[in-house]
Structures are given as structure tokens and as C-alpha cells.
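> Next comes the structure file input.cif, holding mmCIF, C-alpha atoms.
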```cif
data_run
loop_
_atom_site.group_PDB
_atom_site.id
_atom_site.type_symbol
_atom_site.label_atom_id
_atom_site.label_comp_id
_atom_site.auth_asym_id
_atom_site.auth_seq_id
_atom_site.Cartn_x
_atom_site.Cartn_y
_atom_site.Cartn_z
ATOM 1 C CA MET A 274 -77.921 161.210 204.093
ATOM 2 C CA LYS A 275 -80.782 158.888 203.134
ATOM 3 C CA THR A 276 -83.932 159.348 205.185
ATOM 4 C CA ALA A 277 -87.416 157.923 205.640
ATOM 5 C CA VAL A 278 -90.502 159.300 207.379
ATOM 6 C CA ILE A 279 -93.177 156.981 208.788
ATOM 7 C CA VAL A 280 -96.738 158.175 208.171
ATOM 8 C CA PHE A 281 -99.661 157.106 210.380
ATOM 9 C CA PRO A 282 -103.373 157.855 210.054
ATOM 10 C CA GLY A 283 -103.547 161.273 211.715
ATOM 11 C CA SER A 284 -99.941 162.343 211.142
ATOM 12 C CA ASN A 285 -99.972 166.017 210.151
ATOM 13 C CA ARG A 286 -96.377 167.228 210.462
ATOM 14 C CA ASP A 287 -95.047 164.659 208.014
ATOM 15 C CA HIS A 288 -94.930 167.166 205.146
ATOM 16 C CA ASP A 289 -93.077 169.717 207.254
ATOM 17 C CA MET A 290 -90.566 166.965 207.979
ATOM 18 C CA PHE A 291 -90.248 165.962 204.281
ATOM 19 C CA HIS A 292 -89.576 169.586 203.464
ATOM 20 C CA ALA A 293 -86.957 170.122 206.176
ATOM 21 C CA LEU A 294 -85.148 166.882 205.342
ATOM 22 C CA GLU A 295 -85.112 167.601 201.616
ATOM 23 C CA LEU A 296 -83.921 171.152 202.210
ATOM 24 C CA ILE A 297 -81.042 170.071 204.403
ATOM 25 C CA THR A 298 -79.999 166.714 202.905
ATOM 26 C CA GLY A 299 -80.668 167.587 199.261
ATOM 27 C CA SER A 300 -82.692 164.427 198.678
ATOM 28 C CA ARG A 301 -86.343 163.617 199.127
ATOM 29 C CA PRO A 302 -87.115 161.349 202.105
ATOM 30 C CA GLN A 303 -88.991 158.135 201.486
ATOM 31 C CA SER A 304 -92.509 158.073 202.857
ATOM 32 C CA VAL A 305 -93.400 154.812 204.600
ATOM 33 C CA TRP A 306 -97.002 153.973 205.469
ATOM 34 C CA HIS A 307 -97.435 152.529 208.972
ATOM 35 C CA ALA A 308 -99.046 149.321 207.679
ATOM 36 C CA GLU A 309 -95.917 148.309 205.774
ATOM 37 C CA SER A 310 -93.645 145.720 207.314
ATOM 38 C CA THR A 311 -90.164 146.874 206.330
ATOM 39 C CA LEU A 312 -88.350 150.179 206.269
ATOM 40 C CA PRO A 313 -85.973 151.057 203.435
ATOM 41 C CA ASP A 314 -82.227 151.038 204.032
ATOM 42 C CA VAL A 315 -81.648 154.590 205.260
ATOM 43 C CA ASP A 316 -79.423 156.526 207.685
ATOM 44 C CA LEU A 317 -82.286 158.198 209.532
ATOM 45 C CA VAL A 318 -85.904 157.223 210.210
ATOM 46 C CA VAL A 319 -88.201 160.004 211.432
ATOM 47 C CA VAL A 320 -91.448 159.523 213.319
ATOM 48 C CA PRO A 321 -93.246 162.837 212.709
ATOM 49 C CA GLY A 322 -95.722 164.875 214.699
ATOM 50 C CA GLY A 323 -99.491 164.872 214.503
ATOM 51 C CA PHE A 324 -102.352 163.081 216.154
ATOM 52 C CA SER A 325 -101.938 159.453 215.124
ATOM 53 C CA TYR A 326 -105.229 157.608 215.644
ATOM 54 C CA GLY A 327 -106.708 160.790 217.081
ATOM 55 C CA ASP A 328 -104.696 160.295 220.286
ATOM 56 C CA TYR A 329 -107.151 157.480 221.162
ATOM 57 C CA LEU A 330 -106.323 155.548 224.353
ATOM 58 C CA ARG A 331 -103.124 157.529 224.992
ATOM 59 C CA SER A 332 -101.126 159.759 222.630
ATOM 60 C CA GLY A 333 -99.022 157.460 220.442
ATOM 61 C CA ALA A 334 -100.344 154.269 222.037
ATOM 62 C CA ILE A 335 -102.041 152.737 218.988
ATOM 63 C CA ALA A 336 -99.383 153.888 216.512
ATOM 64 C CA ALA A 337 -96.725 152.248 218.692
ATOM 65 C CA ARG A 338 -98.389 148.893 217.944
ATOM 66 C CA SER A 339 -98.419 149.427 214.137
ATOM 67 C CA PRO A 340 -96.874 146.749 211.888
ATOM 68 C CA ILE A 341 -93.944 148.991 210.841
ATOM 69 C CA LEU A 342 -92.836 149.399 214.458
ATOM 70 C CA LYS A 343 -91.365 145.901 214.541
ATOM 71 C CA ASP A 344 -88.840 146.850 211.879
ATOM 72 C CA LEU A 345 -88.275 150.257 213.461
ATOM 73 C CA VAL A 346 -87.291 148.560 216.732
ATOM 74 C CA ALA A 347 -85.006 146.170 214.821
ATOM 75 C CA LYS A 348 -83.364 149.068 212.942
ATOM 76 C CA ALA A 349 -82.949 151.031 216.182
ATOM 77 C CA ASP A 350 -81.325 147.982 217.809
ATOM 78 C CA ASN A 351 -78.914 147.883 214.857
ATOM 79 C CA GLY A 352 -77.848 151.479 215.500
ATOM 80 C CA VAL A 353 -79.810 153.297 212.768
ATOM 81 C CA SER A 354 -80.655 156.886 213.779
ATOM 82 C CA VAL A 355 -84.287 157.385 214.787
ATOM 83 C CA LEU A 356 -85.810 160.819 215.461
ATOM 84 C CA GLY A 357 -89.270 161.231 216.988
ATOM 85 C CA VAL A 358 -90.778 164.704 217.120
ATOM 86 C CA CYS A 359 -93.847 165.565 219.202
ATOM 87 C CA ASN A 360 -96.319 162.716 218.535
ATOM 88 C CA GLY A 361 -93.230 160.847 217.310
ATOM 89 C CA PHE A 362 -91.664 161.217 220.779
ATOM 90 C CA GLN A 363 -94.898 159.924 222.329
ATOM 91 C CA ILE A 364 -94.883 156.945 219.939
ATOM 92 C CA LEU A 365 -91.238 156.108 220.741
ATOM 93 C CA THR A 366 -91.895 156.096 224.503
ATOM 94 C CA GLU A 367 -95.047 154.010 224.018
ATOM 95 C CA ALA A 368 -93.016 151.558 221.897
ATOM 96 C CA GLY A 369 -90.429 151.250 224.662
ATOM 97 C CA LEU A 370 -87.637 152.710 222.505
ATOM 98 C CA LEU A 371 -87.271 155.605 224.948
ATOM 99 C CA PRO A 372 -87.746 155.638 228.729
ATOM 100 C CA GLY A 373 -90.555 157.490 230.514
ATOM 101 C CA ALA A 374 -93.938 158.757 229.345
ATOM 102 C CA LEU A 375 -95.519 161.969 228.041
ATOM 103 C CA MET A 376 -98.522 163.041 230.043
ATOM 104 C CA ARG A 377 -101.159 165.742 229.752
ATOM 105 C CA ASN A 378 -99.592 169.236 230.040
ATOM 106 C CA ALA A 379 -99.544 170.415 233.656
ATOM 107 C CA GLY A 380 -101.618 173.471 232.671
ATOM 108 C CA ILE A 381 -104.151 171.180 230.909
ATOM 109 C CA THR A 382 -104.292 173.414 227.831
ATOM 110 C CA PHE A 383 -102.825 172.765 224.405
ATOM 111 C CA VAL A 384 -99.699 174.905 223.985
ATOM 112 C CA CYS A 385 -98.736 176.379 220.616
ATOM 113 C CA LYS A 386 -95.887 178.850 220.952
ATOM 114 C CA GLU A 387 -92.158 179.340 220.838
ATOM 115 C CA VAL A 388 -89.900 178.135 223.646
ATOM 116 C CA MET A 389 -86.201 178.419 224.377
ATOM 117 C CA MET A 390 -84.152 175.237 224.322
ATOM 118 C CA GLU A 391 -80.810 174.545 225.935
ATOM 119 C CA THR A 392 -78.542 171.942 224.375
ATOM 120 C CA VAL A 393 -77.367 170.138 227.483
ATOM 121 C CA ASN A 394 -75.384 167.439 225.708
ATOM 122 C CA ASN A 395 -73.725 168.187 222.360
ATOM 123 C CA ALA A 396 -71.856 164.879 222.246
ATOM 124 C CA THR A 397 -74.682 163.064 220.410
ATOM 125 C CA ARG A 398 -75.296 162.461 216.713
ATOM 126 C CA PHE A 399 -78.352 164.750 216.975
ATOM 127 C CA SER A 400 -76.644 167.701 218.636
ATOM 128 C CA SER A 401 -72.973 167.843 217.565
ATOM 129 C CA LYS A 402 -73.450 171.094 215.609
ATOM 130 C CA PHE A 403 -74.688 172.920 218.708
ATOM 131 C CA THR A 404 -72.302 174.229 221.324
ATOM 132 C CA LYS A 405 -72.763 172.824 224.807
ATOM 133 C CA GLY A 406 -75.142 175.086 226.695
ATOM 134 C CA GLN A 407 -76.369 176.782 223.502
ATOM 135 C CA VAL A 408 -79.794 178.331 223.945
ATOM 136 C CA TRP A 409 -81.960 178.382 220.823
ATOM 137 C CA ARG A 410 -85.526 179.040 219.729
ATOM 138 C CA CYS A 411 -87.963 176.287 218.817
ATOM 139 C CA PRO A 412 -91.753 176.092 218.330
ATOM 140 C CA VAL A 413 -93.929 173.687 220.319
ATOM 141 C CA ALA A 414 -97.506 172.551 219.617
ATOM 142 C CA HIS A 415 -98.826 169.816 221.868
ATOM 143 C CA HIS A 416 -101.291 168.762 224.532
ATOM 144 C CA ASP A 417 -99.378 165.845 226.032
ATOM 145 C CA GLY A 418 -95.765 166.907 226.432
ATOM 146 C CA ASN A 419 -95.326 166.618 230.168
ATOM 147 C CA TYR A 420 -92.324 164.303 230.488
ATOM 148 C CA PHE A 421 -92.516 161.877 233.385
ATOM 149 C CA ALA A 422 -90.258 159.064 234.562
ATOM 150 C CA ASP A 423 -89.855 157.460 237.968
ATOM 151 C CA ALA A 424 -87.055 158.798 240.173
ATOM 152 C CA GLU A 425 -84.656 155.969 239.404
ATOM 153 C CA THR A 426 -85.133 156.244 235.618
ATOM 154 C CA LEU A 427 -84.740 160.012 235.826
ATOM 155 C CA ARG A 428 -81.476 159.677 237.721
ATOM 156 C CA ARG A 429 -80.211 157.109 235.244
ATOM 157 C CA ILE A 430 -80.939 159.189 232.126
ATOM 158 C CA GLU A 431 -79.465 162.312 233.745
ATOM 159 C CA ASP A 432 -76.280 160.459 234.790
ATOM 160 C CA ASN A 433 -75.955 158.880 231.325
ATOM 161 C CA GLY A 434 -76.183 162.206 229.498
ATOM 162 C CA GLN A 435 -79.396 161.067 227.796
ATOM 163 C CA VAL A 436 -81.057 164.428 228.445
ATOM 164 C CA VAL A 437 -80.012 166.311 225.302
ATOM 165 C CA PHE A 438 -82.384 169.284 225.330
ATOM 166 C CA ARG A 439 -84.006 171.176 228.204
ATOM 167 C CA TYR A 440 -86.509 174.030 228.160
ATOM 168 C CA ALA A 441 -84.516 177.141 229.100
ATOM 169 C CA ASP A 442 -85.183 180.574 230.539
ATOM 170 C CA GLY A 443 -88.334 179.487 232.381
ATOM 171 C CA THR A 444 -90.128 178.490 229.157
ATOM 172 C CA ASN A 445 -91.075 174.931 230.190
ATOM 173 C CA PRO A 446 -94.568 174.870 228.603
ATOM 174 C CA ASN A 447 -95.892 171.611 230.026
ATOM 175 C CA GLY A 448 -94.492 170.794 233.475
ATOM 176 C CA SER A 449 -91.911 168.264 232.252
ATOM 177 C CA LEU A 450 -89.717 166.916 235.047
ATOM 178 C CA ASN A 451 -86.256 168.531 235.088
ATOM 179 C CA ASP A 452 -87.397 170.773 232.179
ATOM 180 C CA ILE A 453 -86.790 167.821 229.851
ATOM 181 C CA ALA A 454 -87.537 168.607 226.191
ATOM 182 C CA GLY A 455 -85.588 165.843 224.447
ATOM 183 C CA ILE A 456 -83.878 162.585 225.406
ATOM 184 C CA THR A 457 -81.995 159.758 223.755
ATOM 185 C CA ASN A 458 -81.995 156.059 224.442
ATOM 186 C CA ASP A 459 -79.109 154.472 226.318
ATOM 187 C CA ASN A 460 -77.231 153.845 223.067
ATOM 188 C CA GLY A 461 -77.634 157.446 221.832
ATOM 189 C CA ASN A 462 -79.094 156.564 218.395
ATOM 190 C CA VAL A 463 -82.774 157.260 219.174
ATOM 191 C CA LEU A 464 -83.884 160.792 220.087
ATOM 192 C CA GLY A 465 -87.351 161.995 221.036
ATOM 193 C CA MET A 466 -88.273 165.643 221.520
ATOM 194 C CA MET A 467 -91.531 167.553 221.915
ATOM 195 C CA PRO A 468 -90.520 170.809 220.102
ATOM 196 C CA HIS A 469 -90.506 171.011 216.288
ATOM 197 C CA PRO A 470 -87.030 171.763 214.888
ATOM 198 C CA GLU A 471 -88.409 171.101 211.368
ATOM 199 C CA ASN A 472 -90.468 174.280 211.693
ATOM 200 C CA LEU A 473 -87.478 176.601 212.057
ATOM 201 C CA VAL A 474 -85.225 175.731 209.148
ATOM 202 C CA GLU A 475 -85.601 178.549 206.623
ATOM 203 C CA ALA A 476 -85.876 182.329 206.563
ATOM 204 C CA LEU A 477 -89.617 182.242 205.876
ATOM 205 C CA HIS A 478 -90.075 180.360 209.155
ATOM 206 C CA GLY A 479 -88.551 183.329 210.950
ATOM 207 C CA GLY A 480 -85.354 181.573 211.934
ATOM 208 C CA LEU A 481 -82.902 178.789 211.233
ATOM 209 C CA ASP A 482 -82.283 177.469 214.740
ATOM 210 C CA GLY A 483 -83.709 174.015 214.014
ATOM 211 C CA ARG A 484 -81.282 173.370 211.151
ATOM 212 C CA LEU A 485 -78.451 172.512 213.521
ATOM 213 C CA LEU A 486 -80.156 169.307 214.586
ATOM 214 C CA PHE A 487 -80.542 168.045 211.001
ATOM 215 C CA GLU A 488 -77.064 169.250 210.076
ATOM 216 C CA SER A 489 -75.664 167.299 213.029
ATOM 217 C CA LEU A 490 -77.285 164.140 211.668
ATOM 218 C CA ALA A 491 -76.152 164.845 208.099
ATOM 219 C CA THR A 492 -72.540 165.332 209.251
ATOM 220 C CA GLN A 493 -72.654 162.099 211.191
ATOM 221 C CA ALA A 494 -74.034 160.162 208.213
ATOM 222 C CA ALA A 495 -71.514 161.596 205.712
ATOM 223 C CA MET B 206 -117.438 136.200 229.405
ATOM 224 C CA LYS B 207 -117.510 139.834 230.383
ATOM 225 C CA ALA B 208 -114.611 141.580 232.023
ATOM 226 C CA ARG B 209 -113.929 145.088 233.222
ATOM 227 C CA VAL B 210 -110.440 146.597 233.212
ATOM 228 C CA ILE B 211 -109.839 149.664 235.338
ATOM 229 C CA VAL B 212 -106.759 151.748 234.617
ATOM 230 C CA THR B 213 -105.667 154.387 237.107
ATOM 231 C CA LEU B 214 -102.662 156.668 237.454
ATOM 232 C CA LYS B 215 -100.008 155.483 239.876
ATOM 233 C CA ASN B 216 -99.656 157.275 243.176
ATOM 234 C CA GLY B 217 -97.348 160.260 242.873
ATOM 235 C CA VAL B 218 -98.085 160.787 239.166
ATOM 236 C CA LEU B 219 -99.520 164.240 238.625
ATOM 237 C CA ASP B 220 -103.093 164.211 237.281
ATOM 238 C CA PRO B 221 -103.911 167.708 235.992
ATOM 239 C CA GLN B 222 -107.285 166.558 234.620
ATOM 240 C CA GLY B 223 -108.273 165.121 237.996
ATOM 241 C CA LYS B 224 -107.220 168.409 239.586
ATOM 242 C CA ALA B 225 -109.387 170.397 237.164
ATOM 243 C CA ILE B 226 -112.397 168.159 237.877
ATOM 244 C CA GLU B 227 -111.721 168.527 241.596
ATOM 245 C CA GLY B 228 -111.775 172.318 241.210
ATOM 246 C CA ALA B 229 -115.002 172.218 239.201
ATOM 247 C CA LEU B 230 -116.716 170.044 241.822
ATOM 248 C CA GLY B 231 -115.625 172.547 244.468
ATOM 249 C CA GLY B 232 -117.116 175.307 242.306
ATOM 250 C CA LEU B 233 -120.442 173.424 242.198
ATOM 251 C CA GLY B 234 -120.573 173.536 245.962
ATOM 252 C CA PHE B 235 -119.179 170.085 246.748
ATOM 253 C CA GLY B 236 -116.862 171.491 249.368
ATOM 254 C CA ASP B 237 -116.202 168.122 250.979
ATOM 255 C CA VAL B 238 -114.335 166.739 247.938
ATOM 256 C CA GLY B 239 -110.787 166.014 249.096
ATOM 257 C CA SER B 240 -109.290 164.967 245.789
ATOM 258 C CA VAL B 241 -110.228 163.468 242.413
ATOM 259 C CA ARG B 242 -108.111 161.167 240.241
ATOM 260 C CA GLN B 243 -109.237 160.391 236.709
ATOM 261 C CA GLY B 244 -108.955 156.893 235.229
ATOM 262 C CA LYS B 245 -110.273 154.717 232.416
ATOM 263 C CA VAL B 246 -112.659 151.774 232.252
ATOM 264 C CA PHE B 247 -112.656 149.133 229.485
ATOM 265 C CA ASP B 248 -115.487 146.618 229.188
ATOM 266 C CA VAL B 249 -114.169 143.620 227.300
ATOM 267 C CA GLU B 250 -116.180 140.672 226.013
ATOM 268 C CA LEU B 251 -114.179 137.497 225.708
ATOM 269 C CA ALA B 252 -114.921 134.178 224.007
ATOM 270 C CA GLY B 253 -114.355 131.123 226.146
ATOM 271 C CA ALA B 254 -115.346 130.341 229.694
ATOM 272 C CA ASP B 255 -112.114 129.519 231.470
ATOM 273 C CA MET B 256 -111.548 132.108 234.183
ATOM 274 C CA SER B 257 -107.804 131.702 234.618
ATOM 275 C CA THR B 258 -107.114 131.810 230.855
ATOM 276 C CA ALA B 259 -109.248 134.930 230.587
ATOM 277 C CA LYS B 260 -107.409 136.601 233.450
ATOM 278 C CA GLU B 261 -104.064 135.736 231.913
ATOM 279 C CA LYS B 262 -105.119 137.153 228.536
ATOM 280 C CA LEU B 263 -106.475 140.335 230.096
ATOM 281 C CA GLU B 264 -103.220 140.832 231.978
ATOM 282 C CA GLN B 265 -101.333 140.549 228.698
ATOM 283 C CA MET B 266 -103.728 143.069 227.107
ATOM 284 C CA CYS B 267 -103.063 145.482 229.965
ATOM 285 C CA GLU B 268 -99.296 145.053 229.801
ATOM 286 C CA LYS B 269 -99.166 145.352 226.006
ATOM 287 C CA LEU B 270 -101.709 148.078 225.316
ATOM 288 C CA LEU B 271 -104.480 149.032 227.727
ATOM 289 C CA ALA B 272 -102.185 150.491 230.396
ATOM 290 C CA ASN B 273 -98.882 152.317 230.180
ATOM 291 C CA THR B 274 -97.221 150.743 233.200
ATOM 292 C CA VAL B 275 -94.710 153.592 233.428
ATOM 293 C CA ILE B 276 -97.516 155.772 234.784
ATOM 294 C CA GLU B 277 -100.580 153.561 235.255
ATOM 295 C CA ASN B 278 -101.838 150.636 237.343
ATOM 296 C CA TYR B 279 -104.590 148.287 236.235
ATOM 297 C CA ALA B 280 -107.176 146.097 237.926
ATOM 298 C CA ILE B 281 -109.198 143.304 236.286
ATOM 299 C CA GLU B 282 -112.724 142.273 237.238
ATOM 300 C CA ILE B 283 -114.342 139.233 235.623
ATOM 301 C CA ASP B 284 -118.068 138.500 235.836
#
```
If you convert what's in this file into C-alpha cells, what do you get?


Amino acid sequence: MKTAVIVFPGSNRDHDMFHALELITGSRPQSVWHAESTLPDVDLVVVPGGFSYGDYLRSGAIAARSPILKDLVAKADNGVSVLGVCNGFQILTEAGLLPGALMRNAGITFVCKEVMMETVNNATRFSSKFTKGQVWRCPVAHHDGNYFADAETLRRIEDNGQVVFRYADGTNPNGSLNDIAGITNDNGNVLGMMPHPENLVEALHGGLDGRLLFESLATQAA
Amino acid sequence: MKARVIVTLKNGVLDPQGKAIEGALGGLGFGDVGSVRQGKVFDVELAGADMSTAKEKLEQMCEKLLANTVIENYAIEID
């Protein structure tokens, strides 16, 4: 699987993502600076976590208007897989690639801890290696992860199976509606999630739970 | 031309920061505070003097960047 990671001023989980992708796919992802205008021809583009533009205006708002986003939207429209993690999820909603918005955590504080995730839909290219209903561990680290969408949008994404991951076992860390932790677009090729699967992919991380997401993508691309 | 854009959260959208400010005002003895909602103000200087063009441009700025219309409303004031 060929991959690329977009890097913005203020990205800080890009190297964790390079490492996870290289570990699981066997090849080094291409790093693409946000000011570039075209993405390389790859199977998966990742928008990593961090604090692009210092979260100025709204988290992800400025990054979502970067030059590279035009090609990201075009690639997404053509069916290329796009994964946004944490700030990447915020950027994808701000860019209109995913429905809804990520607001300040309901408890106001930054949360940095481990949560439990339930794979609600395993019939996506991001989740096929999980079993339906599988509960797994995943770290979170964010201030603005409180997923919000209006009632009609929420109903639509629930009915469409676009909710792929939910916080489980009462571990919702941010007040997200319906315990939503990760959603896809209507077409199923763009996924955004607040937790960091790239930080639980090797024994030294204390677990391998996050690998299944990348392995799902690698299987799909093979 | 000077303009002011005011961005506020839509009704029904939870505002935890507003709630925290509300609590702090209560703690300072302002017991008559019913509720507080936090918003943003942008002061924008624009070249040109045509009011309707300016308003149109500011609306585009709000739609494209200044507000996230999933969760926020905006109002435009032009001097």
C-alpha cells in the first residue's frame, strides 16, 4: 500500500503516523507539505494530528483552506482512501469532506488518556479486520473532540452506517453526540476519528489494538 | 471601510466555555446572570466604498472561513 501524510505548520503527530504506516505497510510514506498543490499517486492519504496553525480561529479551520486541500478533495472524490486523525478529523470536517463539527470538549479540559472504542460498522475499508462490536483500546489527546451535527445529519449518518467507531464502556471523553468517535463520508472512503490508532501499534506502545485499522486498509489496497 | 463580523454559536449548540464563564460570574457575586454564550468578533478593514459589494464580500468571507455554519451564525455590521 502506497501512502502519503500531509504536514501542516503545527502538525505534531505526523512522525507517529510515518512510523505506524512504515511498520505496517513495509514502505515509507511520502511526506507532503501543505503548501504543495498536488498529492502523489497513493492508495491512502493521511491527515495527521497536532495543532495546525495553533488552532487559530477554530481547530483545523486554517489548514482546511491550505493549497493542498484542493487536490485532497479531488482525490477523495475519486475514491482514494483518506484518513484524518484528531486534528486531521477536525480539518476534514472544516473542509466539508465529513459532516458535522468538532467542538470544545464538554468538560472544557484537554483530555489525554486511554478510551475504549467499539467498532460499530466493520463493513468499511478502515474497519474490515475488526469484528462487528469489537471493543478495543485507543489513546486520545485533544481539546476539541466533541462531535456535533444537527439532528437530521445525525440521523442520516447513523442510518447510512457512517458511524464506524463509538466510545464504549462509558469512556466518552468529550461529550460527543451518540458517543461518536469516528465517522466516514457517504461514500465510505474518507474516515475521521479523534483517537490515535497510530499510537497503539507495537509492543513498546503497550498494545497492538490500533494495528487492525491500518491492516484493514492494507488488505483493501492489496 | 470598516466592518465588524460577529460570530455566535447557534441556539441548541452546547457552549461549555460560556457555561464556565457563567459559573465564574456567579462566583464573583453576579447572581443575576441567567446565562452566558461566548462568541467571536472580527474587525475587518476593506478597500472600496461600495456598501453592497462590501456586504457581499463579507458574507462570502463568513461562509468560507470566518464562521463554521454547521455550528455558528454570523452577523455583519458596516460603518

> Grab the atom CA of Gln435 of chain A to atom CA of Gly455 of chain A distance for me, in Å with one decimal place.

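Straight-line distance from atom CA of Gln435 of chain A to atom CA of Gly455 of chain A works out to 8.5 Å.
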
> Using only C-alpha atoms, select each residue of chain B with any atom at most 12 Å away from an atom of chain A, and give the selection as number ranges by chain.

B: 212, 214-226, 243-247, 267-277

> What is the atom CA of Gly253 of chain B-atom CA of Lys207 of chain B distance in Å, reported with one decimal?

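These atoms are spaced 10.2 Å apart.
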
> Report as a PDB file with C-alpha atoms, in the frame of the given file the residues that result from applying the PyMOL selection byres ((chain A and resi 305-308) around 10) to the structure here.


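Output file result_19.pdb follows:
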```pdb
ATOM      1  CA  ALA A 277     -87.416 157.923 205.640  1.00  0.00           C
ATOM      2  CA  VAL A 278     -90.502 159.300 207.379  1.00  0.00           C
ATOM      3  CA  ILE A 279     -93.177 156.981 208.788  1.00  0.00           C
ATOM      4  CA  VAL A 280     -96.738 158.175 208.171  1.00  0.00           C
ATOM      5  CA  PHE A 281     -99.661 157.106 210.380  1.00  0.00           C
ATOM      6  CA  PRO A 282    -103.373 157.855 210.054  1.00  0.00           C
ATOM      7  CA  PRO A 302     -87.115 161.349 202.105  1.00  0.00           C
ATOM      8  CA  GLN A 303     -88.991 158.135 201.486  1.00  0.00           C
ATOM      9  CA  SER A 304     -92.509 158.073 202.857  1.00  0.00           C
ATOM     10  CA  GLU A 309     -95.917 148.309 205.774  1.00  0.00           C
ATOM     11  CA  SER A 310     -93.645 145.720 207.314  1.00  0.00           C
ATOM     12  CA  THR A 311     -90.164 146.874 206.330  1.00  0.00           C
ATOM     13  CA  LEU A 312     -88.350 150.179 206.269  1.00  0.00           C
ATOM     14  CA  PRO A 313     -85.973 151.057 203.435  1.00  0.00           C
ATOM     15  CA  VAL A 318     -85.904 157.223 210.210  1.00  0.00           C
ATOM     16  CA  ALA A 336     -99.383 153.888 216.512  1.00  0.00           C
ATOM     17  CA  ALA A 337     -96.725 152.248 218.692  1.00  0.00           C
ATOM     18  CA  ARG A 338     -98.389 148.893 217.944  1.00  0.00           C
ATOM     19  CA  SER A 339     -98.419 149.427 214.137  1.00  0.00           C
ATOM     20  CA  PRO A 340     -96.874 146.749 211.888  1.00  0.00           C
ATOM     21  CA  ILE A 341     -93.944 148.991 210.841  1.00  0.00           C
ATOM     22  CA  LEU A 342     -92.836 149.399 214.458  1.00  0.00           C
TER      23      LEU A 342
END
```

> Record the distance separating atom CA of Asn278 of chain B and atom CA of Ala347 of chain A, expressed in Å with one decimal.

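Between atom CA of Asn278 of chain B and atom CA of Ala347 of chain A the gap is 28.5 Å.
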
> Carefully work through the PyMOL selection byres ((chain A and resi 470) around 8) for this structure and note down the residues it includes, as a PyMOL selection string.

chain A and resi 411-412+468-469+471-474+482-484+486

> Translate the PyMOL selection byres ((chain B and resi 281) around 8) into a concrete residue list for this structure, as a PyMOL selection string.

chain B and resi 208-211+260+263-264+279-280+282-283

> Skipping near chain neighbours, those fewer than 3 positions away, what residues fall within 9 Å of segment 393-397 of chain A using all atoms listed in the file, listed as a ChimeraX atom specification?

/A:400-407,434-439,457,461-462,489

> Give the answer as one residue: which of A:Ala293, A:Met389, A:Leu490, A:Leu345 has the shortest atom-to-atom distance to Val408 of chain A, using all atoms listed in the file?

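Counting all atoms listed in the file, the residue closest to Val408 of chain A is A:Met389.
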
> List the neighbours of Ala254 of chain B out to 10 Å using all atoms listed in the file; skip same-chain residues closer than 3 positions along the sequence, and give me the result as a PyMOL selection string.

chain B and resi 206-207+251+257-259
